[in-house]
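Dropping data17.txt in here (compact mmCIF, C-alpha atoms):
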# COMPACT_ATOMS: atom_id res chain seq x y z
CA MET O 1 12.81 -24.61 23.95
CA ARG O 2 10.81 -22.12 21.91
CA GLY O 3 7.14 -21.36 22.38
CA THR O 4 4.79 -20.55 25.19
CA VAL O 5 3.52 -23.99 26.13
CA SER O 6 3.25 -24.27 29.89
CA MET O 7 5.95 -26.42 31.45
CA ARG O 8 3.96 -27.58 34.47
CA THR O 9 4.35 -31.30 35.07
CA PRO O 10 1.48 -32.62 37.19
CA ALA O 11 0.35 -36.06 36.11
CA MET O 12 -2.81 -36.29 34.05
CA ARG O 13 -5.92 -37.63 35.70
CA THR O 14 -6.17 -41.39 35.89
CA PRO O 15 -9.30 -43.36 36.73
CA ALA O 16 -9.87 -45.15 39.97
CA THR O 17 -8.28 -48.59 40.12
CA ARG O 18 -10.71 -50.49 42.30
CA THR O 19 -10.98 -54.04 41.01
CA GLY O 20 -14.20 -55.14 42.66
CA ALA O 21 -16.60 -52.92 40.71
CA ALA O 22 -18.54 -54.26 37.73
CA ARG O 23 -17.13 -53.16 34.39
CA ALA O 24 -17.79 -53.65 30.69
CA PRO O 25 -15.48 -55.94 28.73
CA VAL O 26 -12.38 -54.29 27.29
CA PRO O 27 -13.18 -53.68 23.59
CA GLY O 28 -11.36 -55.71 20.99
CA LEU O 29 -10.27 -58.65 23.15
CA ALA O 30 -13.06 -61.12 22.34
CA ARG O 31 -12.01 -64.35 20.63
CA ILE O 32 -14.24 -66.65 18.59
CA ALA O 33 -13.49 -69.53 20.96
CA ASP O 34 -14.67 -67.47 23.93
CA ALA O 35 -18.02 -66.52 22.39
CA THR O 36 -19.51 -69.90 21.55
CA GLY O 37 -22.24 -69.47 24.18
CA ASP O 38 -23.15 -65.93 23.11
CA ARG O 39 -26.29 -66.06 20.96
CA GLN O 40 -25.75 -62.51 19.72
CA PHE O 41 -22.20 -63.24 18.52
CA ALA O 42 -22.08 -63.68 14.71
CA ILE O 43 -19.42 -66.34 14.30
CA ALA O 44 -19.44 -66.21 10.47
CA LEU O 45 -18.82 -62.47 10.54
CA ALA O 46 -16.04 -62.89 13.09
CA ARG O 47 -14.36 -65.51 10.90
CA GLY O 48 -14.47 -63.23 7.88
CA LEU O 49 -12.85 -60.44 9.87
CA GLU O 50 -10.18 -62.84 11.11
CA VAL O 51 -9.29 -63.56 7.48
CA LEU O 52 -8.90 -59.83 6.78
CA ARG O 53 -6.82 -59.35 9.94
CA ALA O 54 -4.47 -62.15 8.91
CA PHE O 55 -2.73 -59.82 6.47
CA GLY O 56 0.34 -58.01 7.73
CA PRO O 57 2.08 -54.86 6.39
CA GLY O 58 4.53 -56.92 4.31
CA ASP O 59 1.99 -59.31 2.78
CA ARG O 60 1.30 -58.63 -0.89
CA ALA O 61 -0.83 -61.77 -1.28
CA LEU O 62 -1.61 -64.93 0.67
CA SER O 63 -2.85 -68.37 -0.32
CA ASN O 64 -5.81 -70.05 1.34
CA ARG O 65 -3.37 -72.43 3.04
CA GLU O 66 -1.43 -69.52 4.53
CA LEU O 67 -4.68 -67.98 5.74
CA CYS O 68 -5.64 -71.30 7.35
CA ASP O 69 -2.32 -71.40 9.17
CA ARG O 70 -2.64 -67.82 10.42
CA THR O 71 -6.29 -67.93 11.49
CA GLY O 72 -6.63 -71.54 12.61
CA LEU O 73 -9.80 -71.81 10.53
CA PRO O 74 -10.65 -74.94 8.48
CA LYS O 75 -9.74 -74.94 4.80
CA ALA O 76 -13.37 -75.07 3.67
CA THR O 77 -14.24 -72.09 5.86
CA VAL O 78 -11.33 -70.03 4.54
CA SER O 79 -12.31 -70.93 0.96
CA ARG O 80 -15.86 -69.66 1.53
CA MET O 81 -14.63 -66.53 3.27
CA THR O 82 -12.12 -65.57 0.58
CA HIS O 83 -14.72 -66.22 -2.15
CA THR O 84 -17.30 -64.01 -0.42
CA LEU O 85 -14.83 -61.26 0.51
CA THR O 86 -13.56 -61.18 -3.09
CA LEU O 87 -17.07 -60.78 -4.47
CA LEU O 88 -17.67 -57.94 -2.00
CA GLY O 89 -14.45 -56.14 -2.96
CA TYR O 90 -12.59 -56.61 0.33
CA LEU O 91 -10.15 -59.06 -1.27
CA SER O 92 -8.65 -59.25 -4.76
CA ARG O 93 -7.70 -62.59 -6.31
CA GLY O 94 -4.74 -62.91 -8.67
CA THR O 95 -4.21 -65.30 -11.54
CA ASP O 96 -2.25 -67.56 -9.17
CA GLN O 97 -5.37 -67.76 -6.95
CA ARG O 98 -3.62 -65.95 -4.09
CA VAL O 99 -5.61 -63.12 -2.52
CA SER O 100 -4.64 -59.62 -1.42
CA LEU O 101 -6.53 -56.92 0.41
CA GLY O 102 -8.91 -54.97 -1.83
CA ALA O 103 -9.81 -51.29 -1.96
CA GLY O 104 -12.93 -52.03 0.07
CA VAL O 105 -10.81 -52.41 3.19
CA LEU O 106 -9.34 -48.93 2.73
CA ALA O 107 -12.80 -47.52 2.11
CA LEU O 108 -13.91 -48.95 5.47
CA GLY O 109 -11.11 -47.20 7.34
CA TYR O 110 -11.40 -43.73 5.82
CA PRO O 111 -14.76 -42.77 7.39
CA LEU O 112 -13.30 -43.67 10.79
CA LEU O 113 -10.30 -41.36 10.36
CA ALA O 114 -12.31 -38.57 8.75
CA GLY O 115 -15.03 -38.66 11.39
CA LEU O 116 -12.92 -39.24 14.51
CA PRO O 117 -13.41 -36.08 16.60
CA VAL O 118 -10.28 -36.48 18.71
CA ARG O 119 -8.13 -36.71 15.58
CA GLN O 120 -9.59 -33.51 14.15
CA ILE O 121 -9.36 -31.64 17.44
CA ALA O 122 -5.85 -32.83 18.23
CA ARG O 123 -4.26 -32.04 14.87
CA PRO O 124 -3.39 -28.34 15.43
CA TRP O 125 -2.08 -29.12 18.91
CA LEU O 126 0.09 -31.95 17.59
CA GLU O 127 1.49 -29.65 14.91
CA ARG O 128 2.29 -27.03 17.52
CA LEU O 129 4.04 -29.55 19.73
CA ALA O 130 6.06 -30.84 16.76
CA ARG O 131 7.16 -27.29 15.82
CA GLU O 132 8.22 -26.42 19.36
CA THR O 133 10.05 -29.64 20.19
CA GLY O 134 11.44 -30.84 16.85
CA CYS O 135 10.00 -34.26 17.61
CA THR O 136 7.79 -36.47 15.53
CA VAL O 137 4.48 -36.22 17.41
CA ASN O 138 1.90 -38.98 17.07
CA LEU O 139 -1.63 -39.81 18.16
CA GLY O 140 -2.61 -43.43 18.67
CA THR O 141 -5.01 -45.83 20.33
CA ARG O 142 -5.20 -49.52 21.21
CA ASP O 143 -6.40 -52.09 18.69
CA ARG O 144 -6.64 -55.55 20.25
CA LEU O 145 -3.14 -56.40 21.46
CA SER O 146 -1.31 -53.57 19.69
CA ALA O 147 -1.33 -49.82 19.57
CA VAL O 148 -2.12 -48.21 16.21
CA TYR O 149 -1.28 -44.76 14.86
CA LEU O 150 -4.16 -42.36 14.16
CA ASP O 151 -2.10 -39.32 13.13
CA SER O 152 1.50 -38.15 12.87
CA CYS O 153 3.17 -34.75 12.59
CA ARG O 154 6.76 -33.94 11.72
CA VAL O 155 8.28 -30.49 11.22
CA ASP O 156 11.98 -31.23 11.68
CA ARG O 157 13.04 -33.08 8.50
CA ALA O 158 16.24 -34.21 10.24
CA ASN O 159 14.08 -36.56 12.28
CA PRO O 160 13.47 -39.52 9.94
CA TRP O 161 10.95 -41.42 12.06
CA VAL O 162 7.46 -40.89 10.61
CA PRO O 163 5.03 -43.81 11.02
CA ASP O 164 2.26 -44.63 8.57
CA ILE O 165 -1.29 -43.96 9.73
CA GLY O 166 -2.82 -47.28 10.76
CA SER O 167 0.51 -49.02 11.34
CA PRO O 168 0.76 -51.01 14.58
CA LEU O 169 3.27 -50.86 17.40
CA PRO O 170 3.65 -53.19 20.39
CA LEU O 171 1.94 -52.49 23.69
CA LEU O 172 4.72 -53.48 26.08
CA THR O 173 7.91 -52.28 24.37
CA SER O 174 6.65 -48.87 23.20
CA ALA O 175 6.01 -45.78 25.31
CA MET O 176 2.63 -45.26 23.63
CA GLY O 177 1.55 -48.83 24.28
CA ARG O 178 2.52 -48.74 27.96
CA ALA O 179 0.71 -45.42 28.45
CA LEU O 180 -2.45 -46.92 26.92
CA ILE O 181 -2.27 -49.75 29.45
CA LEU O 182 -1.24 -47.83 32.58
CA ALA O 183 -3.95 -45.17 32.19
CA ARG O 184 -6.67 -47.80 32.62
CA PRO O 185 -8.23 -49.12 35.83
CA ALA O 186 -6.40 -52.08 37.38
CA GLY O 187 -9.04 -54.59 36.29
CA GLU O 188 -8.81 -53.56 32.63
CA GLN O 189 -5.02 -53.63 32.80
CA ALA O 190 -5.19 -57.20 34.11
CA THR O 191 -7.53 -58.24 31.29
CA ILE O 192 -5.20 -56.86 28.60
CA LEU O 193 -2.12 -58.39 30.22
CA ASN O 194 -3.81 -61.77 30.49
CA ARG O 195 -4.64 -61.73 26.78
CA LEU O 196 -1.06 -60.76 25.94
CA LYS O 197 0.14 -63.72 28.02
CA VAL O 198 -2.26 -66.13 26.32
CA ASP O 199 -1.32 -64.82 22.88
CA ASP O 200 2.46 -65.25 23.31
CA ALA O 201 3.61 -66.46 26.72
CA ARG O 202 7.35 -66.28 25.98
CA ARG O 203 7.20 -62.75 24.61
CA PHE O 204 5.03 -61.67 27.51
CA ARG O 205 7.50 -63.09 30.00
CA ASP O 206 10.35 -61.18 28.34
CA GLU O 207 8.51 -57.84 28.08
CA ARG O 208 6.29 -57.68 31.19
CA ALA O 209 9.12 -56.19 33.28
CA LEU O 210 9.16 -53.07 31.07
CA LEU O 211 5.60 -52.25 32.13
CA ASP O 212 6.11 -53.09 35.80
CA ALA O 213 9.21 -50.90 35.94
CA GLU O 214 7.18 -47.86 34.83
CA ARG O 215 4.13 -48.20 37.06
CA GLU O 216 5.35 -46.02 39.89
CA ALA O 217 7.02 -43.53 37.56
CA TYR O 218 3.82 -43.15 35.54
CA ARG O 219 1.79 -42.43 38.66
CA ARG O 220 4.39 -39.92 39.84
CA ARG O 221 5.24 -38.01 36.67
CA GLY O 222 2.33 -38.80 34.33
CA PHE O 223 4.14 -40.17 31.28
CA THR O 224 5.92 -43.27 30.01
CA HIS O 225 9.45 -43.30 28.60
CA SER O 226 10.95 -45.65 26.02
CA THR O 227 14.72 -45.73 25.54
CA GLY O 228 14.94 -47.83 22.42
CA GLN O 229 13.24 -51.02 23.61
CA TRP O 230 11.13 -51.19 20.44
CA ARG O 231 13.39 -49.48 17.90
CA PRO O 232 16.99 -49.09 19.09
CA ASP O 233 17.54 -45.55 17.77
CA VAL O 234 14.11 -44.18 18.65
CA HIS O 235 13.43 -42.75 22.10
CA ALA O 236 9.93 -41.65 23.05
CA VAL O 237 7.72 -40.25 25.79
CA ALA O 238 3.94 -40.75 25.84
CA VAL O 239 0.85 -39.77 27.80
CA ALA O 240 -2.70 -41.12 27.60
CA LEU O 241 -5.93 -39.13 27.56
CA ARG O 242 -9.62 -39.93 27.23
CA PRO O 243 -11.70 -37.73 24.93
CA SER O 244 -14.84 -38.58 26.91
CA PRO O 245 -15.91 -41.22 29.46
CA ARG O 246 -17.67 -43.11 26.64
CA GLU O 247 -14.69 -43.20 24.27
CA GLU O 248 -11.58 -45.32 24.04
CA TRP O 249 -8.29 -44.09 25.48
CA VAL O 250 -5.85 -42.46 23.07
CA ALA O 251 -2.24 -41.44 23.59
CA VAL O 252 0.11 -38.73 22.40
CA ASN O 253 3.78 -39.52 22.03
CA CYS O 254 6.88 -37.56 21.06
CA THR O 255 9.74 -39.45 19.41
CA LEU O 256 13.34 -38.59 18.60
CA SER O 257 15.72 -40.60 16.48
CA LEU O 258 19.07 -40.43 18.28
CA HIS O 259 22.35 -40.80 16.41
CA GLY O 260 25.81 -40.25 17.85
CA ALA O 261 26.90 -40.33 21.46
CA HIS O 262 26.79 -36.56 22.07
CA ARG O 263 23.37 -36.04 20.51
CA ARG O 264 22.08 -39.19 22.18
CA ALA O 265 22.89 -37.91 25.66
CA ALA O 266 21.69 -34.35 25.05
CA ASP O 267 18.44 -35.24 23.29
CA ALA O 268 17.64 -38.08 25.69
CA ALA O 269 17.79 -35.64 28.59
CA ARG O 270 15.77 -33.00 26.71
CA LEU O 271 13.07 -35.54 25.91
CA VAL O 272 12.40 -36.10 29.62
CA ASP O 273 13.15 -32.63 31.01
CA GLU O 274 11.56 -30.41 28.35
CA VAL O 275 9.52 -32.36 25.84
CA ALA O 276 7.53 -34.52 28.29
CA PRO O 277 6.14 -31.60 30.34
CA ALA O 278 5.12 -29.79 27.13
CA MET O 279 3.50 -32.97 25.84
CA ILE O 280 1.49 -33.41 29.05
CA GLU O 281 0.20 -29.86 28.81
CA ILE O 282 -0.83 -30.32 25.18
CA ALA O 283 -2.58 -33.60 26.05
CA ARG O 284 -4.52 -31.79 28.79
CA ARG O 285 -5.65 -29.19 26.30
CA ILE O 286 -6.69 -31.80 23.73
CA GLU O 287 -8.70 -33.68 26.37
CA ALA O 288 -10.35 -30.47 27.59
CA ALA O 289 -11.22 -29.42 24.03
CA CYS O 290 -12.72 -32.83 23.26
CA ARG O 291 -14.86 -32.81 26.38
CA ALA O 292 -15.95 -29.17 26.09
CA GLU O 293 -16.61 -28.97 22.38
CA GLY O 294 -17.38 -32.51 21.24
CA ALA O 295 -16.99 -31.63 17.55
CA PRO O 296 -13.94 -30.82 15.44
CA ASP O 297 -15.40 -27.74 13.78
CA ARG O 298 -15.79 -25.99 17.14
CA SER O 299 -12.42 -26.86 18.68
CA PRO O 300 -10.26 -23.99 19.92
CA ARG O 301 -7.13 -23.43 17.89
CA PRO O 302 -3.70 -23.10 19.49
Represent the supplied structure as structure tokens.
Amino acid sequence: MRGTVSMRTPAMRTPATRTGAARAPVPGLARIADATGDRQFAIALARGLEVLRAFGPGDRALSNRELCDRTGLPKATVSRMTHTLTLLGYLSRGTDQRVSLGAGVLALGYPLLAGLPVRQIARPWLERLARETGCTVNLGTRDRLSAVYLDSCRVDRANPWVPDIGSPLPLLTSAMGRALILARPAGEQATILNRLKVDDARRFRDERALLDAEREAYRRRGFTHSTGQWRPDVHAVAVALRPSPREEWVAVNCTLSLHGAHRRAADAARLVDEVAPAMIEIARRIEAACRAEGAPDRSPRP
């Protein structure tokens, strides 16, 4: 493989996994039903956000009834929420009275992406890794019970897999998702897994084994490996890093779309033997740059 990226393979640092110590709640896992006794919890705000979250990538517009079904909120509540969110520009109502997401939602997300230090610092390193491996290289983090893409780089146009920024991927069947779980302390892992079980018990039962099978391998080699469990033709390796002790975990993954028996065998082996060690080294450098510099305009360039 071209380039001068170090091929050392020690596992990245992982936090202690003692379960008895006090810890803050895992961000993004609170439910309205769990917060009824919390005086600081704004239930009306939470309900409005649930309405916005009810939209999926393929939803052009939804009726109030469909929003009721997806959120579990009463019809009157959904009616008030859609009326208010439309007036504020976060929803747009058509002539058929169905609502779609408005430009205000996009405007909320842009400052996050533009001002996220790890995304700015990581970009040149992700581009370098993409050039040297021919993989699609992505940066992502956890959002509730999914992982979500923060950035994506592709140099090899023969590799068709390029995710949209902000698009979700599952935690248990993707390499990135499993890395974002396994990097955490044991107590936080248990909290996330419990919420996944509550959210969809059957799916959790079917997919839990994928995570358990990688626990020892992740501790030993420092990365997770997906062999098409999420998308049949896409294989991936991933490693988690933490920009600072106060920030949420993020993960870098490298993906290859494998077609044909010969290429499948050759590229699958290269992904583990060559790409994964290079990815780990790049992730170390991104983490070190984030912790040393703390701002994108002072990050060292590869």
Q.
Could you check the closest approach to Asp143 of chain O for each of O:Gly115, O:Pro163, O:Gly177, O:Pro245 and tell me which residue wins, using all atoms listed in the file?
A. O:Gly177
Q. Skipping near chain neighbours, those fewer than 3 positions away, what residues fall within 12 Å of Ala209 of chain O using only C-alpha atoms, listed as a list in words?
A. Leu172, Thr173, Arg178, Leu193, Arg203, Phe204, Arg205, Asp206, Asp212, Ala213, Glu214, Arg215 and Gln229 of chain O
Once you have the residues from the selection above, write them out as a PDB file, keeping the file's coordinate frame, restricted to C-alpha atoms.
ATOM      1  CA  LEU O 172       4.720 -53.480  26.080  1.00  0.00           C
ATOM      2  CA  THR O 173       7.910 -52.280  24.370  1.00  0.00           C
ATOM      3  CA  ARG O 178       2.520 -48.740  27.960  1.00  0.00           C
ATOM      4  CA  LEU O 193      -2.120 -58.390  30.220  1.00  0.00           C
ATOM      5  CA  ARG O 203       7.200 -62.750  24.610  1.00  0.00           C
ATOM      6  CA  PHE O 204       5.030 -61.670  27.510  1.00  0.00           C
ATOM      7  CA  ARG O 205       7.500 -63.090  30.000  1.00  0.00           C
ATOM      8  CA  ASP O 206      10.350 -61.180  28.340  1.00  0.00           C
ATOM      9  CA  ASP O 212       6.110 -53.090  35.800  1.00  0.00           C
ATOM     10  CA  ALA O 213       9.210 -50.900  35.940  1.00  0.00           C
ATOM     11  CA  GLU O 214       7.180 -47.860  34.830  1.00  0.00           C
ATOM     12  CA  ARG O 215       4.130 -48.200  37.060  1.00  0.00           C
ATOM     13  CA  GLN O 229      13.240 -51.020  23.610  1.00  0.00           C
TER      14      GLN O 229
END
Q. Could you work out how far atom CA of Leu211 of chain O lies from atom CA of Arg119 of chain O, giving the answer in Å with one decimal?
A.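 These two atoms are separated by 26.5 Å.
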Q | Point-to-point distance from atom CA of Thr84 of chain O to atom CA of Arg31 of chain O, Å rounded to tenths | A |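 Atom-to-atom, atom CA of Thr84 of chain O and atom CA of Arg31 of chain O are spaced 21.7 Å apart.
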Centre and size of axis-aligned box enclosing segment 141-158 of chain O plus 6 Å each side, as AutoDock Vina command-line options:
--center_x 4.8 --center_y -43.4 --center_z 15.0 --size_x 34.9 --size_y 37.9 --size_z 25.0
Q. In Å to one decimal, how far is atom CA of Arg142 of chain O from atom CA of Arg154 of chain O?
A.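 A separation of 21.8 Å between them.
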Q: Select, from O:Trp249, O:Phe41, O:Tyr90, O:Phe55, the residue with the minimum atom-to-atom distance to Glu188 of chain O, counting all atoms listed in the file.
A: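 Ranked by minimum distance to Glu188 of chain O, first place goes to O:Trp249.
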**Q.** Nearest candidate to Ser244 of chain O (options O:Gly166, O:Gly89, O:Gly228, O:Pro117; using all atoms listed in the file)
**A.**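 The answer is O:Pro117, which sits nearest to Ser244 of chain O.
Using only C-alpha atoms for every distance, the candidate list O:Ala54, O:Leu171, O:Leu210, O:Val252 yields O:Val252 as the residue closest to Leu139 of chain O.
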**Q.** Selected residue of minimal separation from Gly48 of chain O among O:Leu91, O:Ala35, O:Val237, O:Leu62, counting only C-alpha atoms
**A.** O:Leu91
Q: For Thr136 of chain O, list every protein, DNA or RNA residue within 12 Å, evaluated using all atoms listed in the file, and leave out those in the same chain fewer than 6 positions away; present the list as an MDAnalysis selection string.
A: chainID O and resid 126:130 151:163 234:238 252:257 271 275 279
